[in-house]
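Asks: Input file: entry_19.tsv. Contents: TSV, C-alpha atoms.
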```tsv
chain	number	residue	atom	x	y	z
A	18	MET	CA	-153.99	23.84	129.87
A	19	THR	CA	-150.74	25.72	130.55
A	20	GLU	CA	-150.65	27.55	133.87
A	21	ARG	CA	-149.97	31.21	133.14
A	22	MET	CA	-147.26	32.51	135.44
A	23	PHE	CA	-146.38	35.76	133.65
A	24	ASP	CA	-148.42	38.45	131.96
A	25	THR	CA	-145.54	39.33	129.69
A	26	THR	CA	-142.03	38.04	128.99
A	27	CYS	CA	-139.93	40.60	127.15
A	28	ILE	CA	-136.91	39.68	125.01
A	29	GLY	CA	-134.37	42.24	123.88
A	30	ASN	CA	-131.00	43.90	124.10
A	31	ALA	CA	-129.89	44.13	127.74
A	32	ILE	CA	-128.37	47.59	127.81
A	33	VAL	CA	-127.27	50.00	130.52
A	34	ASP	CA	-128.69	53.42	129.58
A	35	VAL	CA	-126.52	56.50	130.10
A	36	ILE	CA	-128.73	59.57	129.68
A	37	SER	CA	-127.32	63.09	129.48
A	38	LYS	CA	-128.38	66.56	128.32
A	39	ALA	CA	-126.84	67.97	125.13
A	40	ASP	CA	-127.51	70.70	122.60
A	41	ASP	CA	-127.69	70.59	118.81
A	42	ALA	CA	-124.19	72.04	118.57
A	43	PHE	CA	-122.81	69.02	120.43
A	44	LEU	CA	-124.62	66.63	118.09
A	45	LYS	CA	-123.22	68.50	115.08
A	46	ALA	CA	-119.70	68.54	116.49
A	47	GLU	CA	-119.86	64.78	117.07
A	48	ASN	CA	-121.48	64.13	113.68
A	49	LEU	CA	-124.52	62.50	115.26
A	50	THR	CA	-127.85	61.99	113.47
A	51	LYS	CA	-130.49	63.60	115.64
A	52	SER	CA	-133.31	61.35	116.90
A	53	ALA	CA	-131.74	58.23	115.41
A	54	MET	CA	-130.23	55.13	117.00
A	55	THR	CA	-126.69	54.53	115.75
A	56	LEU	CA	-124.64	51.40	116.43
A	57	ILE	CA	-121.09	52.18	117.61
A	58	ASP	CA	-118.02	50.17	118.60
A	59	MET	CA	-116.35	50.07	122.02
A	60	GLU	CA	-113.73	52.69	121.11
A	61	ARG	CA	-116.39	55.16	120.00
A	62	ALA	CA	-118.48	54.38	123.08
A	63	GLU	CA	-115.59	55.23	125.40
A	64	ASP	CA	-114.77	58.42	123.46
A	65	LEU	CA	-118.36	59.71	123.43
A	66	TYR	CA	-118.95	58.74	127.07
A	67	ALA	CA	-115.92	60.82	128.09
A	68	LYS	CA	-117.39	63.89	126.33
A	69	MET	CA	-120.92	63.59	127.75
A	70	ALA	CA	-122.14	65.67	130.66
A	71	ALA	CA	-123.02	63.94	133.92
A	72	GLY	CA	-126.29	62.07	133.70
A	73	ILE	CA	-128.33	59.04	134.73
A	74	GLU	CA	-127.15	55.43	134.45
A	75	MET	CA	-129.63	52.58	134.80
A	76	SER	CA	-130.70	49.26	133.29
A	77	GLY	CA	-132.45	49.85	130.00
A	78	GLY	CA	-132.99	48.60	126.52
A	79	SER	CA	-136.39	48.85	124.86
A	80	ALA	CA	-137.83	45.52	126.03
A	81	GLY	CA	-136.28	45.96	129.48
A	82	ASN	CA	-138.13	49.26	129.86
A	83	THR	CA	-141.38	47.57	128.85
A	84	ALA	CA	-140.85	44.74	131.35
A	85	ALA	CA	-140.21	47.27	134.12
A	86	GLY	CA	-143.31	49.21	133.12
A	87	VAL	CA	-145.53	46.13	133.32
A	88	ALA	CA	-144.12	45.39	136.79
A	89	SER	CA	-144.70	48.98	137.94
A	90	LEU	CA	-148.35	48.65	136.94
A	91	GLY	CA	-148.64	45.56	139.13
A	92	GLY	CA	-148.27	42.97	136.39
A	93	LYS	CA	-146.08	39.88	136.40
A	94	SER	CA	-143.22	40.35	133.95
A	95	ALA	CA	-140.03	38.54	133.02
A	96	TYR	CA	-137.07	39.53	130.88
A	97	ILE	CA	-134.62	37.64	128.69
A	98	GLY	CA	-131.44	39.45	127.66
A	99	LYS	CA	-127.67	38.93	127.70
A	100	VAL	CA	-125.09	40.77	129.83
A	101	ARG	CA	-121.46	40.07	130.69
A	102	ASP	CA	-120.31	39.19	134.23
A	103	ASP	CA	-118.75	42.65	134.60
A	104	GLN	CA	-119.58	45.80	136.57
A	105	LEU	CA	-122.27	47.05	134.19
A	106	GLY	CA	-123.72	43.54	133.95
A	107	GLY	CA	-124.09	43.51	137.71
A	108	ILE	CA	-125.72	46.94	137.67
A	109	PHE	CA	-128.17	45.85	135.00
A	110	SER	CA	-129.12	42.63	136.80
A	111	HIS	CA	-129.66	44.26	140.18
A	112	ASP	CA	-131.55	47.22	138.75
A	113	ILE	CA	-134.05	45.29	136.64
A	114	ARG	CA	-134.73	42.79	139.42
A	115	ALA	CA	-135.23	45.65	141.87
A	116	SER	CA	-137.95	46.95	139.54
A	117	GLY	CA	-139.91	43.74	140.10
A	118	VAL	CA	-138.94	41.90	136.92
A	119	THR	CA	-137.88	38.22	136.86
A	120	PHE	CA	-134.45	38.06	135.18
A	121	GLU	CA	-132.65	34.72	135.03
A	122	THR	CA	-130.62	34.76	131.78
A	123	GLU	CA	-127.13	33.38	132.35
A	124	LYS	CA	-124.34	35.97	132.10
A	125	SER	CA	-121.51	35.66	129.56
A	126	THR	CA	-118.17	34.88	131.19
A	127	ASN	CA	-116.00	35.97	128.26
A	128	GLY	CA	-116.21	38.03	125.11
A	129	ALA	CA	-117.67	41.49	124.71
A	130	ALA	CA	-118.54	43.76	127.62
A	131	THR	CA	-122.09	44.55	128.74
A	132	ALA	CA	-123.88	46.81	126.26
A	133	ARG	CA	-124.52	50.46	126.90
A	134	CYS	CA	-126.63	53.11	125.14
A	135	LEU	CA	-125.40	56.69	125.28
A	136	ILE	CA	-128.55	58.83	125.06
A	137	LEU	CA	-128.25	62.55	124.38
A	138	VAL	CA	-131.40	64.55	125.12
A	139	THR	CA	-131.71	67.96	123.46
A	140	PRO	CA	-133.83	70.86	124.83
A	141	ASP	CA	-136.66	69.94	122.46
A	142	ALA	CA	-136.88	66.55	124.29
A	143	HIS	CA	-135.64	64.53	121.31
A	144	ARG	CA	-133.20	61.75	122.11
A	145	THR	CA	-130.24	60.68	120.03
A	146	MET	CA	-129.03	57.18	120.86
A	147	ASN	CA	-125.58	55.69	120.32
A	148	THR	CA	-125.49	52.01	121.16
A	149	TYR	CA	-122.61	49.65	121.80
A	150	LEU	CA	-124.28	46.24	121.65
A	151	GLY	CA	-121.45	44.29	123.27
A	152	ALA	CA	-122.69	41.13	124.95
A	153	CYS	CA	-126.21	41.64	123.54
A	154	ILE	CA	-125.29	40.00	120.26
A	155	GLU	CA	-124.54	36.75	122.09
A	156	LEU	CA	-128.19	36.20	122.99
A	157	GLY	CA	-129.36	33.14	121.07
A	158	PRO	CA	-131.85	30.28	121.03
A	159	ASP	CA	-130.17	28.55	124.00
A	160	ASP	CA	-131.03	31.56	126.18
A	161	ILE	CA	-134.76	31.17	125.54
A	162	ASP	CA	-136.40	29.57	128.58
A	163	PRO	CA	-139.18	27.35	127.18
A	164	GLU	CA	-141.14	27.20	130.44
A	165	MET	CA	-140.99	30.97	130.87
A	166	ILE	CA	-142.26	31.56	127.33
A	167	ALA	CA	-144.95	28.87	127.53
A	168	THR	CA	-146.32	30.33	130.77
A	169	SER	CA	-146.45	33.93	129.50
A	170	LYS	CA	-149.68	35.32	128.14
A	171	VAL	CA	-147.67	37.46	125.73
A	172	THR	CA	-144.04	37.17	124.62
A	173	TYR	CA	-142.87	40.65	123.57
A	174	MET	CA	-139.78	41.14	121.39
A	175	GLU	CA	-137.95	44.26	120.26
A	176	GLY	CA	-136.99	44.80	116.63
A	177	TYR	CA	-133.51	45.99	117.57
A	178	LEU	CA	-132.56	42.39	118.38
A	179	TRP	CA	-133.02	41.50	114.71
A	180	ASP	CA	-129.52	42.79	113.87
A	181	PRO	CA	-127.55	39.72	115.04
A	182	GLU	CA	-128.44	36.39	113.38
A	183	ASN	CA	-128.58	34.65	116.77
A	184	GLY	CA	-131.24	37.14	117.84
A	185	LYS	CA	-133.44	36.25	114.88
A	186	GLN	CA	-133.19	32.57	115.75
A	187	ALA	CA	-134.04	33.33	119.37
A	188	PHE	CA	-137.13	35.23	118.18
A	189	ARG	CA	-138.29	32.39	115.99
A	190	LYS	CA	-137.80	29.82	118.75
A	191	ALA	CA	-139.70	31.94	121.27
A	192	ALA	CA	-142.56	32.57	118.83
A	193	GLU	CA	-142.91	28.87	118.12
A	194	ILE	CA	-142.94	27.93	121.82
A	195	SER	CA	-145.46	30.68	122.58
A	196	HIS	CA	-147.88	29.68	119.84
A	197	ASP	CA	-147.53	25.97	120.61
A	198	ALA	CA	-148.61	26.80	124.18
A	199	GLY	CA	-151.63	28.77	122.94
A	200	GLN	CA	-150.16	32.15	123.90
A	201	ARG	CA	-149.57	35.36	121.93
A	202	VAL	CA	-146.47	36.85	120.31
A	203	SER	CA	-145.84	40.60	120.19
A	204	LEU	CA	-143.24	42.63	118.30
A	205	THR	CA	-142.23	46.28	118.39
A	206	LEU	CA	-140.59	47.60	115.23
A	207	SER	CA	-138.28	49.76	117.42
A	208	ASP	CA	-136.92	52.22	114.85
A	209	SER	CA	-137.64	53.23	111.25
A	210	PHE	CA	-133.96	52.74	110.41
A	211	CYS	CA	-134.25	49.20	111.77
A	212	VAL	CA	-137.28	48.66	109.53
A	213	ASP	CA	-135.31	49.96	106.55
A	214	ARG	CA	-132.63	47.36	107.17
A	215	TYR	CA	-134.96	44.38	107.53
A	216	ARG	CA	-138.24	45.35	105.86
A	217	ALA	CA	-138.77	42.13	103.91
A	218	GLU	CA	-137.80	39.91	106.85
A	219	PHE	CA	-140.02	41.85	109.25
A	220	ARG	CA	-143.00	41.63	106.92
A	221	GLU	CA	-142.53	37.89	106.57
A	222	PHE	CA	-142.17	37.39	110.34
A	223	ILE	CA	-145.15	39.64	111.11
A	224	SER	CA	-147.51	37.93	108.68
A	225	GLY	CA	-146.69	34.48	110.01
A	226	GLY	CA	-145.74	34.89	113.64
A	227	VAL	CA	-146.94	38.13	115.28
A	228	ASP	CA	-150.28	38.60	117.05
A	229	ILE	CA	-149.76	42.09	118.55
A	230	LEU	CA	-147.66	44.67	116.70
A	231	PHE	CA	-146.38	47.98	118.09
A	232	ALA	CA	-145.09	50.69	115.75
A	233	ASN	CA	-144.91	54.44	115.60
A	234	GLU	CA	-146.04	56.43	112.57
A	235	ASP	CA	-142.64	56.50	110.87
A	236	GLU	CA	-142.05	52.79	111.43
A	237	ILE	CA	-145.37	51.58	110.06
A	238	LYS	CA	-145.02	53.85	107.00
A	239	SER	CA	-141.51	52.53	106.42
A	240	LEU	CA	-142.74	48.95	106.73
A	241	PHE	CA	-145.15	49.45	103.84
A	242	GLU	CA	-143.03	51.99	101.94
A	243	THR	CA	-145.62	54.73	101.93
A	244	ASP	CA	-145.83	58.36	103.05
A	245	ASP	CA	-149.54	57.93	103.81
A	246	PHE	CA	-150.27	56.84	107.38
A	247	ASP	CA	-153.84	55.81	106.54
A	248	ALA	CA	-152.55	53.58	103.74
A	249	ALA	CA	-150.11	51.94	106.16
A	250	LEU	CA	-152.91	51.46	108.68
A	251	ASP	CA	-155.07	49.75	106.06
A	252	ALA	CA	-152.13	47.57	105.03
A	253	ILE	CA	-151.51	46.21	108.53
A	254	ARG	CA	-155.19	45.64	109.32
A	255	GLY	CA	-155.86	41.92	109.30
A	256	GLN	CA	-152.20	40.92	109.06
A	257	VAL	CA	-152.02	40.76	112.87
A	258	GLU	CA	-154.67	40.31	115.53
A	259	ILE	CA	-153.95	43.76	117.01
A	260	ALA	CA	-151.82	46.67	115.78
A	261	CYS	CA	-151.02	49.53	118.17
A	262	LEU	CA	-149.83	52.55	116.18
A	263	THR	CA	-148.50	55.54	118.11
A	264	ARG	CA	-148.42	59.09	116.72
A	265	SER	CA	-146.80	61.23	119.46
A	266	GLU	CA	-149.04	64.21	120.33
A	267	LYS	CA	-151.74	62.85	117.98
A	268	GLY	CA	-152.22	59.90	120.32
A	269	SER	CA	-152.47	56.36	119.04
A	270	ILE	CA	-154.75	54.09	117.06
A	271	ILE	CA	-155.49	50.47	117.92
A	272	VAL	CA	-156.54	48.42	114.92
A	273	THR	CA	-158.03	44.95	114.52
A	274	GLN	CA	-159.63	43.28	111.53
A	275	SER	CA	-162.98	44.92	112.31
A	276	GLU	CA	-162.28	47.61	114.91
A	277	THR	CA	-160.49	50.97	115.09
A	278	HIS	CA	-159.92	52.66	118.44
A	279	PRO	CA	-158.43	56.19	118.43
A	280	ILE	CA	-156.69	56.88	121.74
A	281	PRO	CA	-155.95	60.52	122.62
A	282	ALA	CA	-152.54	61.43	123.97
A	283	ASP	CA	-152.31	62.65	127.55
A	284	THR	CA	-151.16	66.21	126.81
A	285	ASN	CA	-151.45	67.53	130.36
A	286	VAL	CA	-147.74	66.95	131.00
A	287	GLU	CA	-144.53	68.86	130.40
A	288	LEU	CA	-142.47	67.20	127.67
A	289	VAL	CA	-138.95	66.67	129.04
A	290	ASP	CA	-137.52	63.51	127.47
A	291	THR	CA	-139.16	61.14	124.97
A	292	THR	CA	-136.81	58.26	125.85
A	293	GLY	CA	-138.92	55.20	126.60
A	294	ALA	CA	-142.27	56.67	125.52
A	295	GLY	CA	-143.01	53.85	123.10
A	296	ASP	CA	-141.68	51.24	125.52
A	297	LEU	CA	-143.99	52.41	128.29
A	298	TYR	CA	-146.95	52.71	125.94
A	299	ALA	CA	-146.41	49.03	125.12
A	300	ALA	CA	-146.12	48.23	128.82
A	301	GLY	CA	-149.41	49.93	129.59
A	302	PHE	CA	-151.25	48.31	126.72
A	303	LEU	CA	-149.88	44.83	127.47
A	304	TYR	CA	-150.67	45.17	131.17
A	305	GLY	CA	-154.24	46.17	130.37
A	306	PHE	CA	-154.71	43.52	127.70
A	307	THR	CA	-153.32	40.65	129.80
A	308	ASN	CA	-155.37	41.69	132.82
A	309	GLY	CA	-158.79	41.64	131.18
A	310	HIS	CA	-159.26	45.24	130.01
A	311	ASP	CA	-160.75	45.98	126.60
A	312	LEU	CA	-158.63	47.38	123.79
A	313	ALA	CA	-159.63	51.02	124.29
A	314	THR	CA	-158.95	50.92	128.03
A	315	SER	CA	-155.65	49.15	127.44
A	316	GLY	CA	-154.70	51.90	125.00
A	317	ARG	CA	-155.55	54.58	127.56
A	318	ILE	CA	-153.35	52.83	130.13
A	319	GLY	CA	-150.58	52.86	127.53
A	320	ALA	CA	-151.06	56.57	126.93
A	321	MET	CA	-150.97	57.24	130.67
A	322	ALA	CA	-147.73	55.31	131.12
A	323	ALA	CA	-146.12	57.05	128.14
A	324	ALA	CA	-147.17	60.47	129.45
A	325	GLU	CA	-145.60	59.76	132.83
A	326	VAL	CA	-142.25	58.72	131.39
A	327	ILE	CA	-141.87	61.73	129.06
A	328	SER	CA	-142.38	64.12	131.98
A	329	HIS	CA	-138.87	63.47	133.36
A	330	TYR	CA	-135.44	62.27	132.31
A	331	GLY	CA	-135.00	58.51	132.01
A	332	ALA	CA	-136.90	55.65	130.40
A	333	ARG	CA	-138.41	54.21	133.57
A	334	PRO	CA	-141.41	55.43	135.62
A	335	ALA	CA	-140.55	57.94	138.32
A	336	VAL	CA	-143.68	57.01	140.28
A	337	ASN	CA	-145.54	53.79	141.01
A	338	LEU	CA	-147.70	53.33	137.91
A	339	LYS	CA	-150.12	51.05	139.76
A	340	GLU	CA	-150.98	53.89	142.15
A	341	LEU	CA	-151.16	56.41	139.30
A	342	LEU	CA	-153.49	54.12	137.35
A	343	ALA	CA	-155.77	53.73	140.38
A	344	GLN	CA	-155.98	57.53	140.64
A	345	LYS	CA	-156.77	57.91	136.95
A	346	LEU	CA	-159.46	55.23	137.02
A	347	ALA	CA	-161.02	56.80	140.11
A	348	VAL	CA	-161.33	60.13	138.30
A	349	ALA	CA	-162.62	58.61	135.05
```
Represent the structure from my file as structure tokens, please.

Replies:
Amino acid sequence: MTERMFDTTCIGNAIVDVISKADDAFLKAENLTKSAMTLIDMERAEDLYAKMAAGIEMSGGSAGNTAAGVASLGGKSAYIGKVRDDQLGGIFSHDIRASGVTFETEKSTNGAATARCLILVTPDAHRTMNTYLGACIELGPDDIDPEMIATSKVTYMEGYLWDPENGKQAFRKAAEISHDAGQRVSLTLSDSFCVDRYRAEFREFISGGVDILFANEDEIKSLFETDDFDAALDAIRGQVEIACLTRSEKGSIIVTQSETHPIPADTNVELVDTTGAGDLYAAGFLYGFTNGHDLATSGRIGAMAAAEVISHYGARPAVNLKELLAQKLAVA
């Protein structure tokens, strides 16, 4: 039997997040689609960066945030993602390792620069993301560490990485290695616009290769082309072992073939910035699930982690989630 070294290995776009406050007038002036993730080129990235107010810069990317969240909870997490051997690549590598995550992917020595996501947070806490993928698109099957995947209880992949063809091949290789080793594969749909682009491919991949699916309300409805959340919930039931469907202030619902677990949102927090909420929900659930908790408890850990991250700017926990979890469990 394979020795399990990691709770979760996360695969995704290795991105340095630049988070800044903005108002709706700025979004309009820059012709930005509010609450969406838009892919931009290097020229646009430099232009928009120059216009942004001072903010926070840190290692990010959806799967990177999840890996850091698992580590903050006390879990063993690893990350696979591509950066360039430049200044931002060095910042990303140091930052994610400092968060307790194993990161060993070889850096690119030529080609595009390290990716960055310019995140504009409006007063209503919505975030508008503008992403230069850069070196991210170079991640491919050769970057998948077979031993790392085989010794991970869950391999978690972000839907954003489906844009480049190499990323799709990396996903498929990782899923095959994971299942061959008797482990589980998890996918987050990432963004409803992403689902719109790859709906048929996602549905095929999910039905044949995903055990644990994460999606928010808009994403799961887009996947099944319906405006009815309950219809989308019924459609995903049985297609995967576990579906975790988040609904913002309505909480989340965890679905299996025979079970439905409504999880209330932790509303006793001030909403500041929703960046990373879904990523940290996934981190909390995966930590709980891979450490022996039942589905409902795992969902509550996810809700706790999401609530913590939306209470401040930035997509990473501002406190030690392991200590926060211990406090919550002591009160429960």

Asks: Separation of CA of Arg264 in chain A and CA of Gly81 in chain A, in Å?

Replies: 22.0 Å

Asks: May I have the residues within 12 Å of Asp34 in chain A as a ChimeraX atom specification, using only C-alpha atoms and disregarding those fewer than 6 positions away in the same chain?

Replies: /A:66,72-79,81-82,105-106,108-109,112,131-137,146-150,292-293,330-333

Asks: For Leu297 in chain A, which residue among A:Gly255, A:Gly107, A:Gly29, A:Gly86 is the nearest when counting only C-alpha atoms?

Replies: A:Gly86

Asks: Just the number, please: distance in Å from CA of Ala324 in chain A to CA of Gly301 in chain A, one decimal.

Replies: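 About the pair CA of Ala324 in chain A and CA of Gly301 in chain A: they are 10.8 Å apart.
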
Asks: Give me, as a list in words, all polymer residues having an atom no more than 9 Å from Ile253 in chain A, counting only C-alpha atoms and skipping those fewer than 5 positions away in the same chain.

Replies: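 Final neighbour list, sorted by chain and number: Ile237, Phe241, Ala248, Ala260, Val272 and Thr273 of chain A.
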
Asks: Give me the residues of range 94-172 of chain A that have any atom at most 7 Å from an atom of range 185-190 of chain A; for each, the nearest atom pair and the distance in Å, rounded to one decimal. Use all atoms listed in the file, sort by chain and number, and format it as CSV.

Replies:
```
residue,atom,partner,partner_atom,distance
A:Gly157,CA,A:Ala187,CA,5.0
A:Pro158,CA,A:Ala187,CA,4.1
A:Ile161,CA,A:Ala187,CA,6.6
```
